[in-house]
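Coordinates as given in start.cif (mmCIF, C-alpha atoms):
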```
data_work
loop_
_atom_site.label_atom_id
_atom_site.label_comp_id
_atom_site.auth_asym_id
_atom_site.auth_seq_id
_atom_site.Cartn_x
_atom_site.Cartn_y
_atom_site.Cartn_z
CA MET E 26 14.23 61.63 40.81
CA ASP E 27 14.94 59.04 43.52
CA VAL E 28 18.45 59.12 45.04
CA GLN E 29 19.00 55.41 44.37
CA ILE E 30 18.23 55.91 40.68
CA ILE E 31 20.77 58.75 40.50
CA LEU E 32 23.46 56.69 42.26
CA THR E 33 22.78 53.73 39.97
CA LEU E 34 23.03 55.90 36.88
CA VAL E 35 26.33 57.37 38.12
CA ALA E 36 27.76 53.87 38.58
CA PHE E 37 26.45 52.79 35.19
CA LEU E 38 27.95 55.82 33.43
CA PHE E 39 31.30 55.17 35.14
CA VAL E 40 31.36 51.60 33.82
CA ALA E 41 30.26 52.71 30.34
CA ILE E 42 32.93 55.41 30.11
CA THR E 43 35.75 53.18 31.35
CA MET E 44 34.75 50.40 28.97
CA VAL E 45 34.64 52.76 26.00
CA THR E 46 37.93 54.48 26.84
CA GLY E 47 39.71 51.33 28.01
CA LYS E 48 41.33 53.20 30.91
CA LEU E 49 40.59 50.37 33.33
CA PRO E 50 40.17 46.61 32.87
CA ALA E 51 36.45 45.85 32.63
CA SER E 52 36.45 43.60 35.71
CA ILE E 53 38.12 46.33 37.82
CA ALA E 54 35.75 49.03 36.55
CA CYS E 55 32.71 46.91 37.39
CA GLY E 56 34.19 46.05 40.78
CA VAL E 57 34.64 49.74 41.61
CA ALA E 58 31.04 50.45 40.54
CA VAL E 59 29.68 47.63 42.69
CA LEU E 60 31.77 48.85 45.66
CA PHE E 61 30.26 52.32 45.20
CA LEU E 62 26.71 50.94 45.02
CA TRP E 63 27.37 48.73 48.07
CA ILE E 64 28.81 51.55 50.20
CA THR E 65 25.95 53.90 49.26
CA GLY E 66 23.37 51.26 50.16
CA VAL E 67 21.90 50.71 46.71
CA LEU E 68 23.09 47.09 46.89
CA SER E 69 23.07 44.95 50.00
CA THR E 70 26.08 42.76 50.79
CA GLU E 71 24.25 39.73 49.47
CA GLU E 72 23.23 41.49 46.24
CA ALA E 73 26.74 42.84 45.67
CA PHE E 74 28.58 39.53 46.05
CA ALA E 75 26.01 36.76 45.66
CA ASN E 76 26.97 36.16 42.02
CA PHE E 77 30.38 34.84 43.03
CA VAL E 78 28.67 31.74 44.40
CA SER E 79 25.71 31.72 42.04
CA ASN E 80 24.83 28.67 39.98
CA ASN E 81 26.02 30.45 36.84
CA SER E 82 29.49 31.16 38.22
CA ILE E 83 29.97 27.64 39.56
CA VAL E 84 28.84 26.06 36.29
CA MET E 85 31.18 28.38 34.39
CA VAL E 86 34.20 27.34 36.43
CA GLY E 87 33.38 23.64 36.18
CA MET E 88 32.82 23.72 32.42
CA MET E 89 36.01 25.74 31.87
CA VAL E 90 37.97 22.98 33.57
CA GLU E 91 36.27 20.31 31.44
CA ILE E 92 37.01 22.28 28.27
CA GLY E 93 40.60 22.66 29.45
CA ALA E 94 40.78 18.86 29.51
CA LEU E 95 39.28 18.65 26.01
CA MET E 96 42.05 20.92 24.73
CA LYS E 97 44.59 18.24 25.65
CA THR E 98 42.93 15.57 23.49
CA ASN E 99 43.06 14.96 19.73
CA ALA E 100 39.36 15.85 19.24
CA LEU E 101 39.79 19.43 18.03
CA ARG E 102 42.81 18.44 15.95
CA ASN E 103 40.63 16.01 14.03
CA VAL E 104 37.80 18.54 13.62
CA ALA E 105 40.21 21.22 12.34
CA ASN E 106 41.57 18.80 9.75
CA GLN E 107 38.04 18.09 8.50
CA ILE E 108 37.25 21.82 8.23
CA ARG E 109 40.47 22.40 6.29
CA ARG E 110 39.33 19.84 3.74
CA ALA E 111 36.17 21.87 3.05
CA GLU E 112 37.82 23.46 -0.03
CA GLY E 113 37.50 27.14 0.84
CA SER E 114 34.19 26.93 2.70
CA GLY E 115 35.75 26.10 6.06
CA PHE E 116 35.17 29.56 7.53
CA ARG E 117 31.49 29.60 6.53
CA LEU E 118 30.95 26.12 7.97
CA LEU E 119 32.58 27.20 11.21
CA LEU E 120 30.52 30.42 11.30
CA ILE E 121 27.27 28.49 10.78
CA ALA E 122 28.27 26.04 13.52
CA SER E 123 29.19 28.92 15.85
CA MET E 124 25.59 30.18 15.71
CA ILE E 125 23.49 27.06 15.23
CA ILE E 126 25.10 24.83 17.87
CA PRO E 127 24.68 27.37 20.74
CA TYR E 128 21.15 28.05 19.47
CA PHE E 129 20.15 24.43 20.03
CA LEU E 130 22.29 23.87 23.14
CA CYS E 131 20.45 26.75 24.83
CA GLN E 132 17.21 24.80 24.70
CA PHE E 133 18.65 22.44 27.31
CA ILE E 134 21.66 23.85 29.15
CA GLY E 135 21.26 27.64 29.04
CA GLY E 136 23.27 30.38 27.36
CA ILE E 137 26.19 30.58 29.78
CA THR E 138 27.00 26.87 29.65
CA ALA E 139 26.57 26.83 25.87
CA MET E 140 28.99 29.73 25.46
CA ILE E 141 31.58 28.40 27.90
CA THR E 142 31.45 25.09 26.04
CA MET E 143 31.64 26.56 22.53
CA VAL E 144 33.90 29.62 22.68
CA PRO E 145 37.21 27.94 23.61
CA ILE E 146 36.57 25.32 20.92
CA LEU E 147 35.82 28.01 18.32
CA ILE E 148 38.94 29.97 19.29
CA ALA E 149 41.17 26.93 18.93
CA LEU E 150 39.62 25.84 15.61
CA ALA E 151 39.74 29.37 14.20
CA LYS E 152 43.45 29.68 14.91
CA GLU E 153 44.20 26.38 13.24
CA ILE E 154 42.41 27.25 9.98
CA ASN E 155 43.83 30.80 9.99
CA VAL E 156 40.57 32.58 10.76
CA ALA E 157 40.38 35.47 13.22
CA PRO E 158 38.57 34.22 16.35
CA THR E 159 36.84 37.59 16.58
CA LYS E 160 34.85 36.58 13.49
CA LEU E 161 33.17 33.76 15.44
CA ILE E 162 32.77 34.61 19.13
CA LEU E 163 30.20 37.42 18.89
CA PRO E 164 28.09 35.44 16.36
CA ALA E 165 28.12 32.56 18.86
CA SER E 166 26.72 34.94 21.49
CA VAL E 167 23.98 36.07 19.09
CA GLY E 168 23.09 32.45 18.35
CA ALA E 169 23.01 31.56 22.04
CA GLN E 170 20.85 34.52 22.99
CA ALA E 171 18.46 34.00 20.09
CA GLY E 172 18.06 30.37 21.08
CA LEU E 173 17.09 30.85 24.72
CA TYR E 174 13.76 29.04 25.10
CA ALA E 175 13.14 29.70 21.39
CA LEU E 176 11.76 26.23 20.63
CA PRO E 177 9.02 24.29 22.47
CA ILE E 178 11.56 21.75 23.74
CA GLY E 179 13.67 21.61 26.87
CA GLY E 180 13.09 24.62 29.11
CA GLY E 181 10.96 26.31 26.46
CA ILE E 182 8.12 23.81 26.88
CA SER E 183 6.70 25.56 29.94
CA MET E 184 7.25 29.18 28.89
CA TYR E 185 3.79 29.64 27.38
CA LEU E 186 2.24 28.23 30.56
CA ILE E 187 4.09 30.82 32.64
CA LYS E 188 2.79 33.64 30.42
CA ASN E 189 -0.76 32.24 30.58
CA GLN E 190 -0.58 32.07 34.37
CA MET E 191 0.57 35.68 34.50
CA MET E 192 -2.42 36.73 32.37
CA ALA E 193 -4.81 34.70 34.53
CA ASN E 194 -3.43 36.27 37.71
CA LEU E 195 -4.10 39.74 36.27
CA GLY E 196 -7.64 38.85 35.19
CA CYS E 197 -6.94 38.47 31.47
CA MET E 198 -8.86 35.54 29.96
CA GLU E 199 -6.68 35.10 26.84
CA GLU E 200 -4.23 32.22 26.44
CA LEU E 201 -1.14 31.61 24.32
CA GLY E 202 -1.00 28.43 22.28
CA PHE E 203 1.80 25.88 22.58
CA PHE E 204 3.67 27.15 19.48
CA ASP E 205 2.88 30.89 19.68
CA LEU E 206 6.10 32.03 21.37
CA CYS E 207 8.19 29.87 19.03
CA MET E 208 6.45 30.95 15.84
CA THR E 209 6.54 34.66 16.66
CA ARG E 210 10.30 34.55 17.37
CA LEU E 211 11.47 32.14 14.66
CA PRO E 212 11.32 34.40 11.55
CA ALA E 213 13.52 37.10 13.11
CA ASN E 214 15.96 34.45 14.38
CA ILE E 215 16.27 32.89 10.93
CA VAL E 216 16.78 36.24 9.19
CA VAL E 217 19.43 37.33 11.71
CA ILE E 218 21.40 34.08 11.40
CA LEU E 219 21.30 34.21 7.59
CA PHE E 220 22.38 37.85 7.60
CA VAL E 221 25.37 37.13 9.85
CA VAL E 222 26.47 34.11 7.81
CA PHE E 223 26.35 35.86 4.44
CA ILE E 224 26.88 39.56 5.17
CA GLY E 225 27.08 40.52 8.84
CA HIS E 226 30.40 38.80 9.61
CA LYS E 227 32.10 41.47 7.47
CA LEU E 228 31.27 44.01 10.19
CA LEU E 229 33.34 42.11 12.75
CA PRO E 230 36.98 42.96 13.50
CA GLU E 231 39.63 40.62 12.15
CA ARG E 232 42.43 40.19 14.65
CA ASP E 233 43.77 38.00 17.42
CA MET E 234 42.09 38.46 20.76
CA LYS E 235 43.31 40.64 23.60
CA ASP E 236 42.50 37.97 26.19
CA GLU E 237 42.61 34.32 25.31
CA GLY E 238 41.67 33.32 28.84
CA MET E 239 41.83 29.60 29.32
CA LEU E 240 43.77 28.90 26.11
CA ASP E 241 47.50 28.30 26.40
CA GLN E 242 49.18 30.34 23.67
CA LYS E 243 52.24 28.08 23.70
CA THR E 244 50.33 25.02 22.62
CA SER E 245 48.41 24.07 19.50
CA ILE E 246 45.47 21.73 19.12
CA MET E 247 47.27 20.37 16.05
CA ASN E 248 49.97 18.84 18.24
CA GLU E 249 49.55 15.17 19.00
CA SER E 250 47.98 14.64 22.42
CA THR E 251 50.22 13.41 25.21
CA LEU E 252 47.27 11.81 26.99
CA ALA E 253 46.78 8.07 26.99
CA LYS E 254 43.99 6.79 24.76
CA TRP E 255 41.82 5.88 27.75
CA GLN E 256 42.25 9.39 29.20
CA GLN E 257 41.10 10.98 25.94
CA ILE E 258 38.05 8.71 25.82
CA ALA E 259 37.35 9.51 29.47
CA THR E 260 37.48 13.25 28.66
CA TYR E 261 34.92 12.87 25.88
CA ILE E 262 32.64 10.83 28.12
CA ILE E 263 32.88 13.38 30.95
CA LEU E 264 32.18 16.42 28.74
CA ILE E 265 29.41 14.85 26.66
CA GLY E 266 27.98 13.21 29.76
CA SER E 267 27.91 16.56 31.58
CA VAL E 268 26.02 18.28 28.75
CA VAL E 269 23.54 15.40 28.41
CA MET E 270 22.97 15.18 32.16
CA MET E 271 22.27 18.93 32.30
CA CYS E 272 19.34 18.31 29.98
CA PHE E 273 17.75 15.96 32.51
CA THR E 274 18.54 17.52 35.89
CA LYS E 275 14.94 17.26 37.13
CA GLN E 276 14.73 13.58 36.28
CA LEU E 277 18.15 12.88 37.80
CA GLY E 278 17.54 14.92 40.93
CA ILE E 279 20.84 16.81 40.67
CA THR E 280 21.81 20.35 39.66
CA ASN E 281 23.91 21.83 36.87
CA THR E 282 26.44 23.00 39.44
CA GLN E 283 26.89 19.49 40.84
CA ILE E 284 27.30 18.06 37.35
CA ALA E 285 29.82 20.70 36.20
CA MET E 286 31.96 20.57 39.33
CA GLY E 287 31.78 16.77 39.49
CA GLY E 288 33.15 16.59 35.95
CA ALA E 289 35.84 19.18 36.75
CA PHE E 290 37.20 17.24 39.69
CA LEU E 291 36.92 13.96 37.81
CA VAL E 292 39.34 15.11 35.07
CA VAL E 293 41.87 15.92 37.81
CA ILE E 294 41.35 12.65 39.68
CA LEU E 295 41.95 10.73 36.42
CA GLY E 296 45.17 12.66 35.77
CA ILE E 297 43.89 14.39 32.62
CA LEU E 298 44.70 17.77 34.20
CA ASP E 299 47.00 18.38 37.12
CA GLU E 300 46.24 20.90 39.86
CA ARG E 301 48.09 23.75 38.13
CA GLU E 302 46.37 23.08 34.80
CA MET E 303 43.00 22.93 36.52
CA PHE E 304 43.31 26.45 37.92
CA GLN E 305 44.93 27.81 34.75
CA SER E 306 42.01 26.57 32.65
CA VAL E 307 39.65 28.98 34.45
CA ASN E 308 39.37 32.52 33.11
CA TRP E 309 39.19 34.15 36.53
CA SER E 310 38.89 37.71 35.20
CA LEU E 311 35.74 36.61 33.35
CA VAL E 312 34.31 35.09 36.54
CA PHE E 313 34.87 38.35 38.43
CA LEU E 314 33.58 40.47 35.55
CA MET E 315 30.36 38.46 35.31
CA ALA E 316 29.76 38.54 39.07
CA PHE E 317 30.18 42.32 39.25
CA MET E 318 28.29 43.02 36.01
CA LEU E 319 25.27 41.01 37.18
CA ALA E 320 25.31 42.97 40.45
CA ILE E 321 25.11 46.23 38.47
CA ALA E 322 22.18 44.81 36.49
CA THR E 323 20.50 43.98 39.81
CA ALA E 324 20.98 47.58 40.95
CA ILE E 325 19.39 48.92 37.75
CA GLY E 326 16.37 46.68 38.34
CA ASN E 327 16.05 47.31 42.08
CA SER E 328 16.62 51.07 42.06
CA GLY E 329 13.48 51.78 40.06
CA ALA E 330 15.30 53.00 36.93
CA GLY E 331 13.55 50.32 34.88
CA ASP E 332 10.11 51.01 36.34
CA LEU E 333 10.49 54.68 35.49
CA ILE E 334 10.71 53.77 31.80
CA ALA E 335 8.24 50.87 31.82
CA ASN E 336 5.41 52.92 33.35
CA ARG E 337 5.56 55.35 30.42
CA LEU E 338 4.50 52.57 28.05
CA ALA E 339 0.81 52.74 28.93
CA ALA E 340 0.40 55.98 26.98
CA VAL E 341 1.04 54.25 23.61
CA PHE E 342 -2.20 52.25 23.93
CA GLU E 343 -4.41 55.33 23.73
CA SER E 344 -4.16 55.34 19.92
CA GLY E 345 -5.94 51.97 19.72
CA ASN E 346 -3.59 50.94 16.90
CA THR E 347 -2.24 47.46 17.70
CA ALA E 348 0.61 47.56 15.17
CA LEU E 349 1.80 50.97 16.39
CA ALA E 350 1.54 49.95 20.04
CA VAL E 351 3.39 46.65 19.45
CA THR E 352 6.15 48.57 17.67
CA ALA E 353 6.51 51.03 20.53
CA VAL E 354 6.54 48.29 23.18
CA PHE E 355 9.07 46.24 21.20
CA ILE E 356 11.45 49.17 20.68
CA VAL E 357 11.35 50.21 24.35
CA SER E 358 11.86 46.59 25.48
CA ILE E 359 14.73 45.90 23.09
CA LEU E 360 16.50 49.10 24.18
CA MET E 361 16.03 48.36 27.88
CA THR E 362 17.31 44.82 27.53
CA GLN E 363 20.66 46.08 26.22
CA PHE E 364 21.36 47.43 29.72
CA MET E 365 19.29 45.20 31.98
CA ASP E 366 18.83 41.48 32.40
CA ASN E 367 16.23 40.39 29.84
CA VAL E 368 14.29 38.36 32.41
CA ILE E 369 13.96 41.47 34.59
CA VAL E 370 12.80 43.53 31.61
CA ILE E 371 10.25 40.91 30.54
CA ASN E 372 8.86 40.45 34.05
CA MET E 373 8.75 44.22 34.59
CA ILE E 374 7.02 45.24 31.36
CA THR E 375 4.68 42.30 30.72
CA PRO E 376 2.25 42.91 33.64
CA ILE E 377 2.06 46.63 32.80
CA VAL E 378 1.25 45.87 29.17
CA ILE E 379 -1.35 43.19 30.04
CA ILE E 380 -3.21 45.64 32.29
CA ALA E 381 -3.04 48.35 29.61
CA CYS E 382 -4.42 45.94 27.01
CA MET E 383 -7.39 45.10 29.23
CA GLN E 384 -8.06 48.80 29.88
CA TYR E 385 -8.04 49.66 26.17
CA ASN E 386 -9.79 46.44 25.03
CA MET E 387 -6.83 45.15 23.01
CA SER E 388 -5.49 41.60 22.75
CA ALA E 389 -2.49 41.10 25.02
CA LEU E 390 -1.10 38.13 23.04
CA PRO E 391 0.92 40.03 20.38
CA PHE E 392 2.37 42.30 23.07
CA ILE E 393 3.43 39.42 25.29
CA CYS E 394 5.14 37.73 22.34
CA ALA E 395 6.79 41.01 21.28
CA ILE E 396 8.25 41.54 24.75
CA ASP E 397 9.46 37.94 24.84
CA ALA E 398 11.04 38.28 21.37
CA SER E 399 12.84 41.48 22.35
CA GLY E 400 14.65 39.57 25.10
CA THR E 401 16.33 37.32 22.54
CA ALA E 402 18.02 40.37 21.01
CA SER E 403 19.91 41.33 24.16
CA PHE E 404 23.40 41.07 22.70
CA SER E 405 24.66 44.61 21.98
CA THR E 406 26.44 45.42 25.25
CA PRO E 407 28.15 43.42 28.02
CA LEU E 408 25.28 44.41 30.33
CA SER E 409 22.64 42.96 28.02
CA SER E 410 23.16 39.28 28.91
CA PRO E 411 25.74 36.90 30.39
CA THR E 412 26.34 35.42 26.92
CA SER E 413 27.25 38.87 25.56
CA LEU E 414 29.48 39.46 28.56
CA ILE E 415 31.35 36.22 27.85
CA ALA E 416 31.76 37.22 24.19
CA TYR E 417 32.94 40.71 25.16
CA LYS E 418 35.55 39.41 27.57
CA MET E 419 36.81 36.33 25.74
CA GLY E 420 36.73 37.99 22.32
CA GLY E 421 38.43 41.16 23.49
CA TYR E 422 35.94 43.35 21.64
CA SER E 423 35.51 47.04 22.31
CA ILE E 424 32.04 48.45 22.95
CA TRP E 425 32.15 50.16 19.55
CA GLU E 426 32.99 46.88 17.81
CA MET E 427 30.06 45.17 19.49
CA LEU E 428 27.70 47.99 18.55
CA LYS E 429 28.95 48.13 14.95
CA PHE E 430 28.09 44.45 14.49
CA THR E 431 24.89 44.23 16.53
CA MET E 432 23.06 47.47 15.71
CA THR E 433 22.17 46.14 12.26
CA LEU E 434 20.94 42.92 13.87
CA LEU E 435 18.74 44.92 16.26
CA VAL E 436 17.22 46.83 13.35
CA ILE E 437 16.57 43.58 11.45
CA THR E 438 15.05 41.92 14.52
CA THR E 439 12.82 44.93 15.17
CA ILE E 440 11.57 45.26 11.58
CA VAL E 441 10.83 41.54 11.17
CA SER E 442 9.22 41.22 14.61
CA VAL E 443 6.93 44.28 14.51
CA ILE E 444 5.67 43.26 11.06
CA TRP E 445 5.36 39.53 11.69
CA ILE E 446 3.95 39.37 15.24
CA PRO E 447 0.73 41.40 14.65
CA LEU E 448 0.33 39.61 11.30
CA TYR E 449 0.70 36.21 12.95
CA PHE E 450 -2.15 36.88 15.38
CA SER E 451 -4.36 38.29 12.64
CA LEU E 452 -4.11 35.14 10.49
#
```
As structure tokens, how would this structure be written, given the file I've shared?
Amino acid sequence: MDVQIILTLVAFLFVAITMVTGKLPASIACGVAVLFLWITGVLSTEEAFANFVSNNSIVMVGMMVEIGALMKTNALRNVANQIRRAEGSGFRLLLIASMIIPYFLCQFIGGITAMITMVPILIALAKEINVAPTKLILPASVGAQAGLYALPIGGGISMYLIKNQMMANLGCMEELGFFDLCMTRLPANIVVILFVVFIGHKLLPERDMKDEGMLDQKTSIMNESTLAKWQQIATYIILIGSVVMMCFTKQLGITNTQIAMGGAFLVVILGILDEREMFQSVNWSLVFLMAFMLAIATAIGNSGAGDLIANRLAAVFESGNTALAVTAVFIVSILMTQFMDNVIVINMITPIVIIACMQYNMSALPFICAIDASGTASFSTPLSSPTSLIAYKMGGYSIWEMLKFTMTLLVITTIVSVIWIPLYFSL
């Protein structure tokens, strides 16, 4: 086995053990692992620390500041009052919103921005209607991950074209239709959301969080805002405007980072937050944790650990059974994406599978859709996706608590997907 693979696995096991035992804060454990991988040459300096100035990190910081401003307005106070009037169904309404809103937001602004926007709001609302925030944060992560490019709108419009281009480049003459990716993912997404809303939430812990991050424990959203009316209106305009503008960055010629940071500084310039409040509204431990965790994911991808597994997939095609092969590919992909970035997994496995399909005279379409669908189920560990990492950190979950809740969802996603996807292409 290659030395870099061994070193990467050592670093990964160190992070896994420290997270399970809780002997070190997660951000420190990941930092130590990255330092080890950097010193041993598995990661270059750029790879080890690039995520501190990545678009994701900058957008996170900017949106945290904007949400910090929202916390000072009367908006959440009014929403909490409406939920309280729901005559006993307030929790279920909030749980549905915690999954559906990130699901749709992800079509336009991505999972990280959707989570950073939603989680502080959910935490504040949960506390005011006497619901444990831990009942909402992980479901929000599942909704956000399931929604990534799930519908043929926003960023999802071009996804089928990218897959078709990949097939064409490899000499495969098949093509996905406009709705194929959406229709093959949608049934599993619907079943998972329904399961969480009616049954799955019972598997979540019920307690206050270990780390409330940007939320000030001494204040309550039910207190009357001290901001002037015009400052509250300005806050709403800035936050809503930022989200809307992020949907049209190409047309506007600006980036998400410019929008998020512009809004962050604007709330300070207008006196909505002062300098101290601006910096306090950022969950810095989450920023560091995400930067280091993404560097570890990069090491797993670059070291060849992923290729070692992916190259073993070709053997499953020898049976000639499409349903069996799709099942095997889906299970391997969904397991890999719990420890590696889903984009890396998809880009790594898809070309191998397309070539294998051509060699064994099988249609590549159900396999491509199965691999794509597996990426939406990357929510069981902090390494699986940035949205899961945000949920892990801000919700204060243990690894075991995340696994207890998500393992059932993985089983449901797998069963629905491996039955539906081959059936869809046979209709």
Test item: the PyMOL selection byres ((chain E and resi 167-184) around 6) resolved as an NGL selection string: :E and (124 or 127-128 or 131-133 or 136 or 164-166 or 185-187 or 207 or 401)
Nearest to E:Ile92 by atom-to-atom distance, counting all atoms listed in the file, from E:Met373, E:Cys272, E:Ile263, E:Leu161: E:Ile263
List, as a compact mmCIF listing (two decimals) with C-alpha atoms, in the coordinates of the input, every residue that the PyMOL selection byres ((chain E and resi 296) around 12) selects in the file provided.
```txt
# COMPACT_ATOMS: atom_id res chain seq x y z
CA ALA E 94 40.78 18.86 29.51
CA LYS E 97 44.59 18.24 25.65
CA THR E 251 50.22 13.41 25.21
CA LEU E 252 47.27 11.81 26.99
CA ALA E 253 46.78 8.07 26.99
CA TRP E 255 41.82 5.88 27.75
CA GLN E 256 42.25 9.39 29.20
CA GLN E 257 41.10 10.98 25.94
CA ALA E 259 37.35 9.51 29.47
CA THR E 260 37.48 13.25 28.66
CA ALA E 289 35.84 19.18 36.75
CA PHE E 290 37.20 17.24 39.69
CA LEU E 291 36.92 13.96 37.81
CA VAL E 292 39.34 15.11 35.07
CA VAL E 293 41.87 15.92 37.81
CA ILE E 294 41.35 12.65 39.68
CA LEU E 295 41.95 10.73 36.42
CA ILE E 297 43.89 14.39 32.62
CA LEU E 298 44.70 17.77 34.20
CA ASP E 299 47.00 18.38 37.12
CA GLU E 300 46.24 20.90 39.86
CA ARG E 301 48.09 23.75 38.13
CA GLU E 302 46.37 23.08 34.80
CA MET E 303 43.00 22.93 36.52
```
Find the spatial neighbours of E:Leu311, counting all atoms listed in the file, within a cut-off of 8 Å - ignore same-chain residues fewer than 5 positions away - and output them as a compact mmCIF listing (two decimals) with C-alpha atoms, keeping the file's coordinate frame.
```txt
# COMPACT_ATOMS: atom_id res chain seq x y z
CA SER E 52 36.45 43.60 35.71
CA ILE E 415 31.35 36.22 27.85
CA LYS E 418 35.55 39.41 27.57
CA MET E 419 36.81 36.33 25.74
```
Residues within 12 Å of E:Lys188, all atoms listed in the file, excluding chain neighbours under 2 positions, as an MDAnalysis selection string: chainID E and resid 181:186 190:195 197:203 205:206 371:372 375:376 379 389:390 392:394 396:397
Surrounding residues of E:Glu91 excluding itself and chain neighbours under 3 positions, 7 Å, only C-alpha atoms, as a ChimeraX atom specification: /E:87-88,94-95,264,288-289
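Reported to one decimal place, the separation of atom CA of E:Lys254 from atom CA of E:Leu118 is 28.7 Å.
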Mind completing stretch 166-179 of chain E with N, CA, C and O atoms? Output as a PDB file, in the coordinates of the input, please?
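Once everything was written out, this is selection_24.pdb:
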```pdb
ATOM      1  N   SER E 166      27.546  34.301  20.456  1.00  0.00           N
ATOM      2  CA  SER E 166      26.720  34.940  21.490  1.00  0.00           C
ATOM      3  C   SER E 166      25.338  35.265  20.958  1.00  0.00           C
ATOM      4  O   SER E 166      24.330  35.068  21.644  1.00  0.00           O
ATOM      5  N   VAL E 167      25.275  35.761  19.713  1.00  0.00           N
ATOM      6  CA  VAL E 167      23.980  36.070  19.090  1.00  0.00           C
ATOM      7  C   VAL E 167      23.149  34.803  18.935  1.00  0.00           C
ATOM      8  O   VAL E 167      21.952  34.777  19.238  1.00  0.00           O
ATOM      9  N   GLY E 168      23.793  33.724  18.489  1.00  0.00           N
ATOM     10  CA  GLY E 168      23.090  32.450  18.350  1.00  0.00           C
ATOM     11  C   GLY E 168      22.580  31.929  19.675  1.00  0.00           C
ATOM     12  O   GLY E 168      21.443  31.451  19.779  1.00  0.00           O
ATOM     13  N   ALA E 169      23.408  32.043  20.711  1.00  0.00           N
ATOM     14  CA  ALA E 169      23.010  31.560  22.040  1.00  0.00           C
ATOM     15  C   ALA E 169      21.855  32.364  22.593  1.00  0.00           C
ATOM     16  O   ALA E 169      20.896  31.805  23.143  1.00  0.00           O
ATOM     17  N   GLN E 170      21.914  33.686  22.439  1.00  0.00           N
ATOM     18  CA  GLN E 170      20.850  34.520  22.990  1.00  0.00           C
ATOM     19  C   GLN E 170      19.545  34.329  22.218  1.00  0.00           C
ATOM     20  O   GLN E 170      18.470  34.266  22.797  1.00  0.00           O
ATOM     21  N   ALA E 171      19.657  34.219  20.901  1.00  0.00           N
ATOM     22  CA  ALA E 171      18.460  34.000  20.090  1.00  0.00           C
ATOM     23  C   ALA E 171      17.796  32.667  20.419  1.00  0.00           C
ATOM     24  O   ALA E 171      16.577  32.520  20.306  1.00  0.00           O
ATOM     25  N   GLY E 172      18.595  31.701  20.836  1.00  0.00           N
ATOM     26  CA  GLY E 172      18.060  30.370  21.080  1.00  0.00           C
ATOM     27  C   GLY E 172      17.439  30.136  22.432  1.00  0.00           C
ATOM     28  O   GLY E 172      16.801  29.104  22.656  1.00  0.00           O
ATOM     29  N   LEU E 173      17.601  31.081  23.367  1.00  0.00           N
ATOM     30  CA  LEU E 173      17.090  30.850  24.720  1.00  0.00           C
ATOM     31  C   LEU E 173      15.578  30.638  24.712  1.00  0.00           C
ATOM     32  O   LEU E 173      14.808  31.543  24.397  1.00  0.00           O
ATOM     33  N   TYR E 174      15.175  29.419  25.040  1.00  0.00           N
ATOM     34  CA  TYR E 174      13.760  29.040  25.100  1.00  0.00           C
ATOM     35  C   TYR E 174      13.019  29.365  23.802  1.00  0.00           C
ATOM     36  O   TYR E 174      11.819  29.653  23.804  1.00  0.00           O
ATOM     37  N   ALA E 175      13.743  29.326  22.671  1.00  0.00           N
ATOM     38  CA  ALA E 175      13.140  29.700  21.390  1.00  0.00           C
ATOM     39  C   ALA E 175      12.246  28.610  20.833  1.00  0.00           C
ATOM     40  O   ALA E 175      11.312  28.896  20.086  1.00  0.00           O
ATOM     41  N   LEU E 176      12.515  27.358  21.180  1.00  0.00           N
ATOM     42  CA  LEU E 176      11.760  26.230  20.630  1.00  0.00           C
ATOM     43  C   LEU E 176      10.968  25.561  21.753  1.00  0.00           C
ATOM     44  O   LEU E 176      11.395  25.564  22.914  1.00  0.00           O
ATOM     45  N   PRO E 177       9.837  24.949  21.436  1.00  0.00           N
ATOM     46  CA  PRO E 177       9.020  24.290  22.470  1.00  0.00           C
ATOM     47  C   PRO E 177       9.588  22.927  22.873  1.00  0.00           C
ATOM     48  O   PRO E 177       8.915  21.905  22.825  1.00  0.00           O
ATOM     49  N   ILE E 178      10.874  22.948  23.225  1.00  0.00           N
ATOM     50  CA  ILE E 178      11.560  21.750  23.740  1.00  0.00           C
ATOM     51  C   ILE E 178      12.384  22.188  24.932  1.00  0.00           C
ATOM     52  O   ILE E 178      12.639  23.381  25.123  1.00  0.00           O
ATOM     53  N   GLY E 179      12.850  21.253  25.728  1.00  0.00           N
ATOM     54  CA  GLY E 179      13.670  21.610  26.870  1.00  0.00           C
ATOM     55  C   GLY E 179      12.944  22.581  27.785  1.00  0.00           C
ATOM     56  O   GLY E 179      11.758  22.450  28.080  1.00  0.00           O
TER      57      GLY E 179
END
```
